Protein chains: 2
Amino acid sequence: MAAATSGKRRHGPRKGDLREKAILDAAEELLGRDGIELMTVESIANRAGISRAALYFYFGSKLDVLTALVKRTVDAMAEQADVAQAAESSADDVITASVRHTADLWREHGLVLRAAVDLASGAPEIRGLWTGTVTRYAAAMTEVLSRASRPDPAMAEALCWMTERTFYWASVNGDDLDRTAETCAQIWCATIRGTTDV
Amino acid sequence: MAAATSGKRRHGPRKGDLREKAILDAAEELLGRDGIELMTVESIANRAGISRAALYFYFGSKLDVLTALVKRTVDAMAEQADVAQAAESSADDVITASVRHTADLWREHGLVLRAAVDLASGAPEIRGLWTGTVTRYAAAMTEVLSRASRPDPAMAEALCWMTERTFYWASVNGDDLDRTAETCAQIWCATIRGTTDV
DNA sequence: ATTTTTATCGACGGTGTGTAGACTTCTTTG
DNA sequence: CAAAGAAGTCTACACACCGTCGATAAAAAT
C-alpha cells in the first residue's frame, strides 16, 4: 500500500520537496563513498543538511530512502527506454544495440543498480522494482527472439538474468563494460542461431 | 589471515567441536525459518543451547557464523564434484548432466546457496567463496566448450552466471528446478551450436 | 591433585534505530 | 494583517542488538 515515501506528507510543490531530492542525492553520494552498510541515517541526514530526526519526516527508514532512490533511477531508465526494436533491423542488430544500451545504463547508474541488486533479496519493494524492470526487458526481448526462432519466454528471461549478472560483476570489478557487452551480445546471437537450426 | 573460525581456539577433537557444529546447524535452521536479517546472534545461540556470550567464544560475529556455514556447504559441494566430464561423452551430454547436477545442488542446499548469493555483496570472504566456486565451474566448462567450438572463457563465465542467477530466482520463487535446468541446458547447447558455425 | 586449558555466563558500554513531544517557520484565509 | 493551521525541525528518550570484559565452572593434562 504505502509507497516508498511515507504517507505523512501531502503532495504539492512545497518547500520540502527540495529536501526530499537533497536526501536522495545525499544517499546516492554516500552509497558511492561508504557503501550500503556503513551509510547511516545520520550521515545521510547530515549531508542533506538536516538533522537525523528531520529525515524521518520525509522517509520512514533508511530502507525507504534507498527504495526511493532505486525507484528514481529505475523510473529514469524506463523514461528513456527508447524501445529501439525498430521492425526493420535484423535480430542481431537489435540485440547488439540493446546490450550496448544496457552497458550505457550501467556506466551511468552503476552505483544505484548495484545497490538495487544487493538490496533486492532483503527488501520486497526493491525486489519488485528490479524484477519488474528485468521482466519488462525480457518481454521485449522475447518479441525480438520470436522473429528469428521459436519464441521461448523462459530462455529470454534466463538470458536477461545473464546480462544483468554479468554487468553487475563487471561493474563491481571495474571491468571494461564494452567487452562485457560484446560477450553478452555474442551469446544472445549464438543462442538464436543455435535455436533456429533445430 | 584469520579464517572464518576466530583463532582463539586450538584445533583438536575437543568437546566444543560439537558446539561448533550445533551452532552452524542452528544457523542453517534459523536461516530457513527467519531469514538472514531477522536471525539474531541470540536466537542462534539459544537454539544451539548456549548463551549469546558463549557463542562469541566460537565465532567472532554473526557474519562469521554465516561465513562458516557457507564454507561448510561449498566445501561439501566441492567434495562430491564428480567432475563428470568423461572425455567420451558429447559436449551436449556433459552440459545436460552438469546442469542437472546443479539443479540437485540447489534442491539440496538452496537455503545456504541463496544466503551465499545474498551475502556475497557485503561480505568479502563469502564473495570469495562464491565467486571461487563459480569460477572453478566456469573453468571446467570452458574446457567442455573448447571441444565443440573456439574456447572463450568470458562466454563460459557469463553462461555460468546465467545458470547461477536463474537457479537462484527459481529457488526463491519455488519454481520447478527441472524446468529451469532444461532452459539453461538449451541455452548452453544452442550457444555452442551458434558459435561453431562461425 | 593441582595446574592449565577450554568453555560458559552475567553484566556493561556502545552504536544505530525509530518515536514522542515541544518548538519554529511558513502559508493560507477571514 | 493577524490568527489558525499545516509543514518542518529539533532535543530527548526508549529500544534492540552487538561485541567485550572479568569472574567462574568444567574438562584435560601433568
# chains A, B, ... in the order shown; residues from 1 in each chain; ligands from 1
$ residues_around --residues "range 13-30 of chain C" --least-positions-apart "4" --cutoff "10 Å" --atoms "only C-alpha atoms (C1' of nucleotides)" --output "VMD selection string"
(chain A and resid 15 40 to 42 53 56 60 to 62) or (chain D and resid 2 to 20)
$ write_last_selection --atoms "C-alpha atoms (C1' of nucleotides)" --output "compact mmCIF listing (two decimals), in the first residue's frame"
# COMPACT_ATOMS: atom_id res chain seq x y z
CA LYS A 15 9.47 23.73 0.01
CA THR A 40 23.85 5.56 8.33
CA VAL A 41 20.66 7.56 8.63
CA GLU A 42 22.61 10.22 10.45
CA ALA A 53 15.04 13.17 13.20
CA TYR A 56 12.23 10.76 9.44
CA GLY A 60 10.26 6.15 7.34
CA SER A 61 13.63 4.46 7.39
CA LYS A 62 16.98 4.09 5.70
C1' DA D 2 -3.37 38.52 12.32
C1' DA D 3 -4.67 34.12 13.84
C1' DA D 4 -5.13 29.36 12.67
C1' DG D 5 -3.25 25.60 10.90
C1' DA D 6 -0.01 22.99 8.27
C1' DA D 7 4.80 21.90 7.32
C1' DG D 8 9.20 21.37 9.00
C1' DT D 9 12.78 20.88 12.67
C1' DC D 10 14.98 19.65 16.95
C1' DT D 11 16.12 17.61 21.71
C1' DA D 12 15.43 13.74 24.33
C1' DC D 13 14.16 9.09 25.14
C1' DA D 14 13.47 4.05 24.86
C1' DC D 15 14.78 0.08 22.47
C1' DA D 16 17.29 -3.68 20.16
C1' DC D 17 21.30 -5.79 19.03
C1' DC D 18 26.06 -6.00 19.15
C1' DG D 19 30.77 -7.11 20.99
C1' DT D 20 33.75 -7.33 25.10
$ residues_around --residues "Gly132 in chain B" --least-positions-apart "5" --cutoff "12 Å" --atoms "only C-alpha atoms (C1' of nucleotides)" --output "number ranges by chain"
B: 71, 74-75, 78, 116, 120, 124-127, 137-139, 157
$ write_last_selection --atoms "C-alpha atoms" --output "PDB file, in the first residue's frame"
ATOM      1  CA  LYS B  71      32.067 -22.626   3.656  1.00  0.00           C
ATOM      2  CA  VAL B  74      30.531 -25.083  -0.509  1.00  0.00           C
ATOM      3  CA  ASP B  75      33.209 -27.493   0.678  1.00  0.00           C
ATOM      4  CA  ALA B  78      33.321 -29.423  -3.951  1.00  0.00           C
ATOM      5  CA  ALA B 116      25.700 -17.110  -0.087  1.00  0.00           C
ATOM      6  CA  ALA B 120      28.317 -12.073  -1.332  1.00  0.00           C
ATOM      7  CA  PRO B 124      34.247 -10.172   1.099  1.00  0.00           C
ATOM      8  CA  GLU B 125      35.048 -13.589   2.483  1.00  0.00           C
ATOM      9  CA  ILE B 126      31.752 -15.034   1.293  1.00  0.00           C
ATOM     10  CA  ARG B 127      32.125 -13.278  -2.006  1.00  0.00           C
ATOM     11  CA  TYR B 137      32.905 -24.326 -12.537  1.00  0.00           C
ATOM     12  CA  ALA B 138      33.425 -21.869 -15.392  1.00  0.00           C
ATOM     13  CA  ALA B 139      36.942 -23.148 -15.947  1.00  0.00           C
ATOM     14  CA  GLU B 157      31.745 -17.437 -17.290  1.00  0.00           C
TER      15      GLU B 157
END
$ atom_distance --atom1 "C1' of DA25 in chain D" --atom2 "CA of Phe59 in chain B"
20.8 Å
$ calpha_fit_and_write --fixed "chain A" --moving "chain B" --output "PDB file with C-alpha atoms, in the first residue's frame"
ATOM      1  CA  MET B   1      -0.366   0.402  -0.054  1.00  0.00           C
ATOM      2  CA  ALA B   2       2.155   2.899   1.204  1.00  0.00           C
ATOM      3  CA  ALA B   3       4.644   3.902  -1.442  1.00  0.00           C
ATOM      4  CA  ALA B   4       8.313   4.455  -0.741  1.00  0.00           C
ATOM      5  CA  THR B   5       7.620   7.931   0.546  1.00  0.00           C
ATOM      6  CA  SER B   6       5.726   7.640   3.804  1.00  0.00           C
ATOM      7  CA  GLY B   7       2.217   8.954   3.525  1.00  0.00           C
ATOM      8  CA  LYS B   8       2.646  11.684   6.093  1.00  0.00           C
ATOM      9  CA  ARG B   9       3.132  14.538   3.709  1.00  0.00           C
ATOM     10  CA  ARG B  10       0.620  15.787   1.156  1.00  0.00           C
ATOM     11  CA  HIS B  11       1.932  16.302  -2.333  1.00  0.00           C
ATOM     12  CA  GLY B  12       2.365  19.812  -3.636  1.00  0.00           C
ATOM     13  CA  PRO B  13       5.169  22.020  -4.877  1.00  0.00           C
ATOM     14  CA  ARG B  14       6.140  22.522  -1.250  1.00  0.00           C
ATOM     15  CA  LYS B  15       9.472  23.676  -0.004  1.00  0.00           C
ATOM     16  CA  GLY B  16      10.313  20.316   1.420  1.00  0.00           C
ATOM     17  CA  ASP B  17      10.361  18.637  -1.969  1.00  0.00           C
ATOM     18  CA  LEU B  18      13.811  20.085  -2.357  1.00  0.00           C
ATOM     19  CA  ARG B  19      14.811  18.394   0.872  1.00  0.00           C
ATOM     20  CA  GLU B  20      13.488  15.136  -0.457  1.00  0.00           C
ATOM     21  CA  LYS B  21      15.713  15.430  -3.506  1.00  0.00           C
ATOM     22  CA  ALA B  22      18.625  16.540  -1.347  1.00  0.00           C
ATOM     23  CA  ILE B  23      18.201  13.430   0.771  1.00  0.00           C
ATOM     24  CA  LEU B  24      18.215  11.135  -2.244  1.00  0.00           C
ATOM     25  CA  ASP B  25      21.251  12.905  -3.647  1.00  0.00           C
ATOM     26  CA  ALA B  26      23.013  12.577  -0.317  1.00  0.00           C
ATOM     27  CA  ALA B  27      22.158   8.898  -0.162  1.00  0.00           C
ATOM     28  CA  GLU B  28      23.467   8.312  -3.663  1.00  0.00           C
ATOM     29  CA  GLU B  29      26.685  10.095  -2.840  1.00  0.00           C
ATOM     30  CA  LEU B  30      27.217   8.158   0.382  1.00  0.00           C
ATOM     31  CA  LEU B  31      26.384   4.966  -1.439  1.00  0.00           C
ATOM     32  CA  GLY B  32      29.479   5.546  -3.503  1.00  0.00           C
ATOM     33  CA  ARG B  33      31.666   6.707  -0.634  1.00  0.00           C
ATOM     34  CA  ASP B  34      30.734   4.334   2.201  1.00  0.00           C
ATOM     35  CA  GLY B  35      28.605   1.572   0.731  1.00  0.00           C
ATOM     36  CA  ILE B  36      25.221   0.387   1.880  1.00  0.00           C
ATOM     37  CA  GLU B  37      26.178  -1.057   5.249  1.00  0.00           C
ATOM     38  CA  LEU B  38      28.289   1.801   6.565  1.00  0.00           C
ATOM     39  CA  MET B  39      25.913   4.484   5.386  1.00  0.00           C
ATOM     40  CA  THR B  40      23.823   5.493   8.387  1.00  0.00           C
ATOM     41  CA  VAL B  41      20.629   7.500   8.664  1.00  0.00           C
ATOM     42  CA  GLU B  42      22.574  10.155  10.509  1.00  0.00           C
ATOM     43  CA  SER B  43      25.216  10.475   7.813  1.00  0.00           C
ATOM     44  CA  ILE B  44      22.555  10.814   5.129  1.00  0.00           C
ATOM     45  CA  ALA B  45      20.701  13.464   7.102  1.00  0.00           C
ATOM     46  CA  ASN B  46      23.839  15.418   7.878  1.00  0.00           C
ATOM     47  CA  ARG B  47      24.946  15.454   4.287  1.00  0.00           C
ATOM     48  CA  ALA B  48      21.478  16.604   3.287  1.00  0.00           C
ATOM     49  CA  GLY B  49      21.847  19.469   5.747  1.00  0.00           C
ATOM     50  CA  ILE B  50      19.198  18.374   8.240  1.00  0.00           C
ATOM     51  CA  SER B  51      19.000  16.501  11.505  1.00  0.00           C
ATOM     52  CA  ARG B  52      18.478  12.777  11.814  1.00  0.00           C
ATOM     53  CA  ALA B  53      15.005  13.171  13.235  1.00  0.00           C
ATOM     54  CA  ALA B  54      14.091  15.591  10.462  1.00  0.00           C
ATOM     55  CA  LEU B  55      14.817  12.936   7.882  1.00  0.00           C
ATOM     56  CA  TYR B  56      12.159  10.756   9.414  1.00  0.00           C
ATOM     57  CA  PHE B  57       9.656  13.389   8.421  1.00  0.00           C
ATOM     58  CA  TYR B  58      10.326  12.514   4.792  1.00  0.00           C
ATOM     59  CA  PHE B  59      11.193   8.855   4.923  1.00  0.00           C
ATOM     60  CA  GLY B  60      10.254   6.114   7.312  1.00  0.00           C
ATOM     61  CA  SER B  61      13.638   4.430   7.367  1.00  0.00           C
ATOM     62  CA  LYS B  62      16.982   4.055   5.689  1.00  0.00           C
ATOM     63  CA  LEU B  63      15.453   1.346   3.526  1.00  0.00           C
ATOM     64  CA  ASP B  64      12.709   3.714   2.451  1.00  0.00           C
ATOM     65  CA  VAL B  65      15.348   6.169   1.313  1.00  0.00           C
ATOM     66  CA  LEU B  66      17.170   3.509  -0.652  1.00  0.00           C
ATOM     67  CA  THR B  67      13.920   2.293  -2.148  1.00  0.00           C
ATOM     68  CA  ALA B  68      13.040   5.782  -3.311  1.00  0.00           C
ATOM     69  CA  LEU B  69      16.517   6.185  -4.743  1.00  0.00           C
ATOM     70  CA  VAL B  70      16.247   2.950  -6.691  1.00  0.00           C
ATOM     71  CA  LYS B  71      12.795   3.938  -7.875  1.00  0.00           C
ATOM     72  CA  ARG B  72      14.042   7.300  -9.053  1.00  0.00           C
ATOM     73  CA  THR B  73      16.784   5.657 -11.074  1.00  0.00           C
ATOM     74  CA  VAL B  74      14.671   2.850 -12.462  1.00  0.00           C
ATOM     75  CA  ASP B  75      11.974   5.320 -13.467  1.00  0.00           C
ATOM     76  CA  ALA B  76      14.551   7.504 -15.190  1.00  0.00           C
ATOM     77  CA  MET B  77      15.739   4.446 -17.080  1.00  0.00           C
ATOM     78  CA  ALA B  78      12.226   3.480 -18.127  1.00  0.00           C
ATOM     79  CA  GLU B  79      11.710   7.042 -19.311  1.00  0.00           C
ATOM     80  CA  GLN B  80      14.482   6.878 -21.861  1.00  0.00           C
ATOM     81  CA  ALA B  81      13.758   3.265 -22.786  1.00  0.00           C
ATOM     82  CA  ASP B  82      13.954   4.139 -26.448  1.00  0.00           C
ATOM     83  CA  VAL B  83      12.340   0.855 -27.364  1.00  0.00           C
ATOM     84  CA  ALA B  84      14.794   0.580 -30.218  1.00  0.00           C
ATOM     85  CA  GLN B  85      13.304  -2.554 -31.670  1.00  0.00           C
ATOM     86  CA  ALA B  86      12.547  -0.986 -35.038  1.00  0.00           C
ATOM     87  CA  ALA B  87      10.910  -3.716 -37.067  1.00  0.00           C
ATOM     88  CA  GLU B  88      13.272  -3.301 -40.025  1.00  0.00           C
ATOM     89  CA  SER B  89      16.512  -4.176 -38.255  1.00  0.00           C
ATOM     90  CA  SER B  90      17.789  -7.716 -37.997  1.00  0.00           C
ATOM     91  CA  ALA B  91      17.541  -9.522 -34.686  1.00  0.00           C
ATOM     92  CA  ASP B  92      21.317  -9.373 -34.330  1.00  0.00           C
ATOM     93  CA  ASP B  93      21.317  -5.623 -34.749  1.00  0.00           C
ATOM     94  CA  VAL B  94      18.559  -5.098 -32.248  1.00  0.00           C
ATOM     95  CA  ILE B  95      20.345  -7.276 -29.728  1.00  0.00           C
ATOM     96  CA  THR B  96      23.663  -5.548 -30.181  1.00  0.00           C
ATOM     97  CA  ALA B  97      22.020  -2.162 -29.791  1.00  0.00           C
ATOM     98  CA  SER B  98      20.093  -3.269 -26.707  1.00  0.00           C
ATOM     99  CA  VAL B  99      23.117  -4.692 -24.969  1.00  0.00           C
ATOM    100  CA  ARG B 100      25.138  -1.566 -25.773  1.00  0.00           C
ATOM    101  CA  HIS B 101      22.342   0.475 -24.272  1.00  0.00           C
ATOM    102  CA  THR B 102      22.466  -1.691 -21.185  1.00  0.00           C
ATOM    103  CA  ALA B 103      26.183  -1.017 -20.927  1.00  0.00           C
ATOM    104  CA  ASP B 104      25.462   2.704 -21.036  1.00  0.00           C
ATOM    105  CA  LEU B 105      22.920   2.368 -18.263  1.00  0.00           C
ATOM    106  CA  TRP B 106      25.399   0.551 -16.048  1.00  0.00           C
ATOM    107  CA  ARG B 107      28.038   3.141 -16.796  1.00  0.00           C
ATOM    108  CA  GLU B 108      25.672   5.941 -15.865  1.00  0.00           C
ATOM    109  CA  HIS B 109      23.840   4.406 -12.924  1.00  0.00           C
ATOM    110  CA  GLY B 110      26.101   1.555 -11.856  1.00  0.00           C
ATOM    111  CA  LEU B 111      26.160   2.686  -8.259  1.00  0.00           C
ATOM    112  CA  VAL B 112      22.413   2.576  -7.794  1.00  0.00           C
ATOM    113  CA  LEU B 113      21.904  -0.489  -9.946  1.00  0.00           C
ATOM    114  CA  ARG B 114      24.390  -2.414  -7.864  1.00  0.00           C
ATOM    115  CA  ALA B 115      22.552  -1.287  -4.750  1.00  0.00           C
ATOM    116  CA  ALA B 116      19.277  -2.423  -6.293  1.00  0.00           C
ATOM    117  CA  VAL B 117      20.692  -5.869  -6.932  1.00  0.00           C
ATOM    118  CA  ASP B 118      22.205  -6.081  -3.464  1.00  0.00           C
ATOM    119  CA  LEU B 119      19.042  -4.974  -1.727  1.00  0.00           C
ATOM    120  CA  ALA B 120      16.637  -6.986  -3.847  1.00  0.00           C
ATOM    121  CA  SER B 121      16.984 -10.024  -1.609  1.00  0.00           C
ATOM    122  CA  GLY B 122      16.094  -8.349   1.649  1.00  0.00           C
ATOM    123  CA  ALA B 123      13.710  -5.633   0.512  1.00  0.00           C
ATOM    124  CA  PRO B 124      10.511  -6.846  -1.174  1.00  0.00           C
ATOM    125  CA  GLU B 125       9.696  -3.456  -2.617  1.00  0.00           C
ATOM    126  CA  ILE B 126      13.098  -3.144  -4.258  1.00  0.00           C
ATOM    127  CA  ARG B 127      12.913  -6.712  -5.417  1.00  0.00           C
ATOM    128  CA  GLY B 128       9.650  -5.856  -7.137  1.00  0.00           C
ATOM    129  CA  LEU B 129      11.141  -2.797  -8.751  1.00  0.00           C
ATOM    130  CA  TRP B 130      14.117  -4.710 -10.054  1.00  0.00           C
ATOM    131  CA  THR B 131      12.490  -7.941 -11.201  1.00  0.00           C
ATOM    132  CA  GLY B 132       9.823  -5.779 -12.810  1.00  0.00           C
ATOM    133  CA  THR B 133      12.440  -3.939 -14.814  1.00  0.00           C
ATOM    134  CA  VAL B 134      14.217  -7.102 -15.873  1.00  0.00           C
ATOM    135  CA  THR B 135      10.953  -8.858 -16.694  1.00  0.00           C
ATOM    136  CA  ARG B 136       9.823  -5.976 -18.866  1.00  0.00           C
ATOM    137  CA  TYR B 137      13.115  -6.138 -20.688  1.00  0.00           C
ATOM    138  CA  ALA B 138      12.737  -9.904 -21.053  1.00  0.00           C
ATOM    139  CA  ALA B 139       9.297  -9.484 -22.570  1.00  0.00           C
ATOM    140  CA  ALA B 140      10.658  -7.090 -25.174  1.00  0.00           C
ATOM    141  CA  MET B 141      13.468  -9.468 -26.002  1.00  0.00           C
ATOM    142  CA  THR B 142      11.134 -12.430 -26.293  1.00  0.00           C
ATOM    143  CA  GLU B 143       9.467 -10.454 -29.035  1.00  0.00           C
ATOM    144  CA  VAL B 144      12.804  -9.955 -30.765  1.00  0.00           C
ATOM    145  CA  LEU B 145      13.738 -13.603 -30.387  1.00  0.00           C
ATOM    146  CA  SER B 146      10.430 -14.703 -31.849  1.00  0.00           C
ATOM    147  CA  ARG B 147      11.361 -13.153 -35.172  1.00  0.00           C
ATOM    148  CA  ALA B 148      14.355 -15.411 -35.590  1.00  0.00           C
ATOM    149  CA  SER B 149      13.332 -18.620 -33.879  1.00  0.00           C
ATOM    150  CA  ARG B 150      10.656 -20.338 -31.884  1.00  0.00           C
ATOM    151  CA  PRO B 151       9.932 -17.910 -29.063  1.00  0.00           C
ATOM    152  CA  ASP B 152      10.660 -19.080 -25.533  1.00  0.00           C
ATOM    153  CA  PRO B 153      10.003 -16.609 -22.717  1.00  0.00           C
ATOM    154  CA  ALA B 154      11.979 -18.707 -20.260  1.00  0.00           C
ATOM    155  CA  MET B 155      15.067 -18.548 -22.441  1.00  0.00           C
ATOM    156  CA  ALA B 156      14.758 -14.799 -22.931  1.00  0.00           C
ATOM    157  CA  GLU B 157      14.442 -14.352 -19.213  1.00  0.00           C
ATOM    158  CA  ALA B 158      17.457 -16.517 -18.481  1.00  0.00           C
ATOM    159  CA  LEU B 159      19.493 -14.531 -20.988  1.00  0.00           C
ATOM    160  CA  CYS B 160      18.351 -11.305 -19.361  1.00  0.00           C
ATOM    161  CA  TRP B 161      19.516 -12.516 -15.977  1.00  0.00           C
ATOM    162  CA  MET B 162      22.801 -13.463 -17.573  1.00  0.00           C
ATOM    163  CA  THR B 163      23.140  -9.937 -18.872  1.00  0.00           C
ATOM    164  CA  GLU B 164      22.210  -8.454 -15.516  1.00  0.00           C
ATOM    165  CA  ARG B 165      24.607 -10.625 -13.574  1.00  0.00           C
ATOM    166  CA  THR B 166      27.493 -10.187 -15.971  1.00  0.00           C
ATOM    167  CA  PHE B 167      27.188  -6.430 -15.948  1.00  0.00           C
ATOM    168  CA  TYR B 168      26.790  -6.449 -12.204  1.00  0.00           C
ATOM    169  CA  TRP B 169      30.095  -8.176 -11.634  1.00  0.00           C
ATOM    170  CA  ALA B 170      31.818  -6.208 -14.350  1.00  0.00           C
ATOM    171  CA  SER B 171      30.617  -3.056 -12.623  1.00  0.00           C
ATOM    172  CA  VAL B 172      31.769  -4.291  -9.243  1.00  0.00           C
ATOM    173  CA  ASN B 173      35.189  -5.285 -10.545  1.00  0.00           C
ATOM    174  CA  GLY B 174      35.582  -2.194 -12.658  1.00  0.00           C
ATOM    175  CA  ASP B 175      35.914  -4.263 -15.827  1.00  0.00           C
ATOM    176  CA  ASP B 176      35.539  -2.847 -19.292  1.00  0.00           C
ATOM    177  CA  LEU B 177      31.810  -2.724 -19.959  1.00  0.00           C
ATOM    178  CA  ASP B 178      32.278  -2.676 -23.737  1.00  0.00           C
ATOM    179  CA  ARG B 179      33.948  -6.032 -23.587  1.00  0.00           C
ATOM    180  CA  THR B 180      31.164  -7.285 -21.342  1.00  0.00           C
ATOM    181  CA  ALA B 181      28.587  -6.066 -23.841  1.00  0.00           C
ATOM    182  CA  GLU B 182      30.451  -7.870 -26.598  1.00  0.00           C
ATOM    183  CA  THR B 183      30.387 -11.152 -24.706  1.00  0.00           C
ATOM    184  CA  CYS B 184      26.708 -10.896 -23.866  1.00  0.00           C
ATOM    185  CA  ALA B 185      25.729  -9.979 -27.417  1.00  0.00           C
ATOM    186  CA  GLN B 186      27.687 -12.932 -28.732  1.00  0.00           C
ATOM    187  CA  ILE B 187      25.802 -15.324 -26.522  1.00  0.00           C
ATOM    188  CA  TRP B 188      22.418 -13.820 -27.366  1.00  0.00           C
ATOM    189  CA  CYS B 189      23.143 -14.093 -31.081  1.00  0.00           C
ATOM    190  CA  ALA B 190      24.694 -17.550 -30.878  1.00  0.00           C
ATOM    191  CA  THR B 191      21.676 -18.762 -28.945  1.00  0.00           C
ATOM    192  CA  ILE B 192      19.396 -17.528 -31.682  1.00  0.00           C
ATOM    193  CA  ARG B 193      21.446 -19.224 -34.367  1.00  0.00           C
ATOM    194  CA  GLY B 194      21.724 -22.409 -32.346  1.00  0.00           C
ATOM    195  CA  THR B 195      17.988 -22.498 -31.766  1.00  0.00           C
ATOM    196  CA  THR B 196      16.900 -21.689 -35.290  1.00  0.00           C
ATOM    197  CA  ASP B 197      18.634 -24.732 -36.734  1.00  0.00           C
ATOM    198  CA  VAL B 198      16.608 -27.168 -34.686  1.00  0.00           C
TER     199      VAL B 198
END
$ interface_residues --of "chain C" --to "chain B" --cutoff "10 Å" --atoms "only C-alpha atoms (C1' of nucleotides)" --output "ChimeraX atom specification"
/C:5-10
$ write_last_selection --atoms "C-alpha atoms (C1' of nucleotides)" --output "CSV table (one decimal), in the first residue's frame"
chain,number,residue,atom,x,y,z
C,5,DT,C1',43.3,-25.0,29.1
C,6,DT,C1',38.6,-24.9,27.4
C,7,DA,C1',34.1,-23.4,28.0
C,8,DT,C1',30.2,-20.6,29.9
C,9,DC,C1',27.9,-16.8,31.8
C,10,DG,C1',26.2,-12.1,33.7
$ residues_around --residues "DT30 in chain D" --least-positions-apart "6" --cutoff "10 Å" --atoms "only C-alpha atoms (C1' of nucleotides)" --output "list in words"
DT2, DT3 and DT4 of chain C
$ write_last_selection --atoms "N, CA and C atoms (P, O5', C5', C4', C3', O3' and C1' of nucleotides)" --output "short mmCIF file (atom, residue, chain, number, x, y, z; two decimals), in the first residue's frame"
data_model
loop_
_atom_site.label_atom_id
_atom_site.label_comp_id
_atom_site.auth_asym_id
_atom_site.auth_seq_id
_atom_site.Cartn_x
_atom_site.Cartn_y
_atom_site.Cartn_z
P DT C 2 46.31 -30.71 46.04
"O5'" DT C 2 46.80 -29.73 44.89
"C5'" DT C 2 48.08 -29.94 44.29
"C4'" DT C 2 48.15 -29.23 42.94
"C3'" DT C 2 47.33 -27.92 42.86
"O3'" DT C 2 47.89 -27.03 41.92
"C1'" DT C 2 46.64 -29.35 41.20
P DT C 3 49.17 -26.12 42.11
"O5'" DT C 3 49.56 -25.82 40.58
"C5'" DT C 3 50.04 -26.89 39.80
"C4'" DT C 3 49.60 -26.77 38.36
"C3'" DT C 3 49.28 -25.35 37.87
"O3'" DT C 3 49.94 -25.21 36.63
"C1'" DT C 3 47.53 -26.80 37.28
P DT C 4 50.22 -23.83 35.91
"O5'" DT C 4 49.46 -24.06 34.51
"C5'" DT C 4 49.58 -25.34 33.91
"C4'" DT C 4 48.60 -25.50 32.78
"C3'" DT C 4 48.21 -24.22 32.04
"O3'" DT C 4 48.16 -24.53 30.67
"C1'" DT C 4 46.26 -25.30 32.77
#
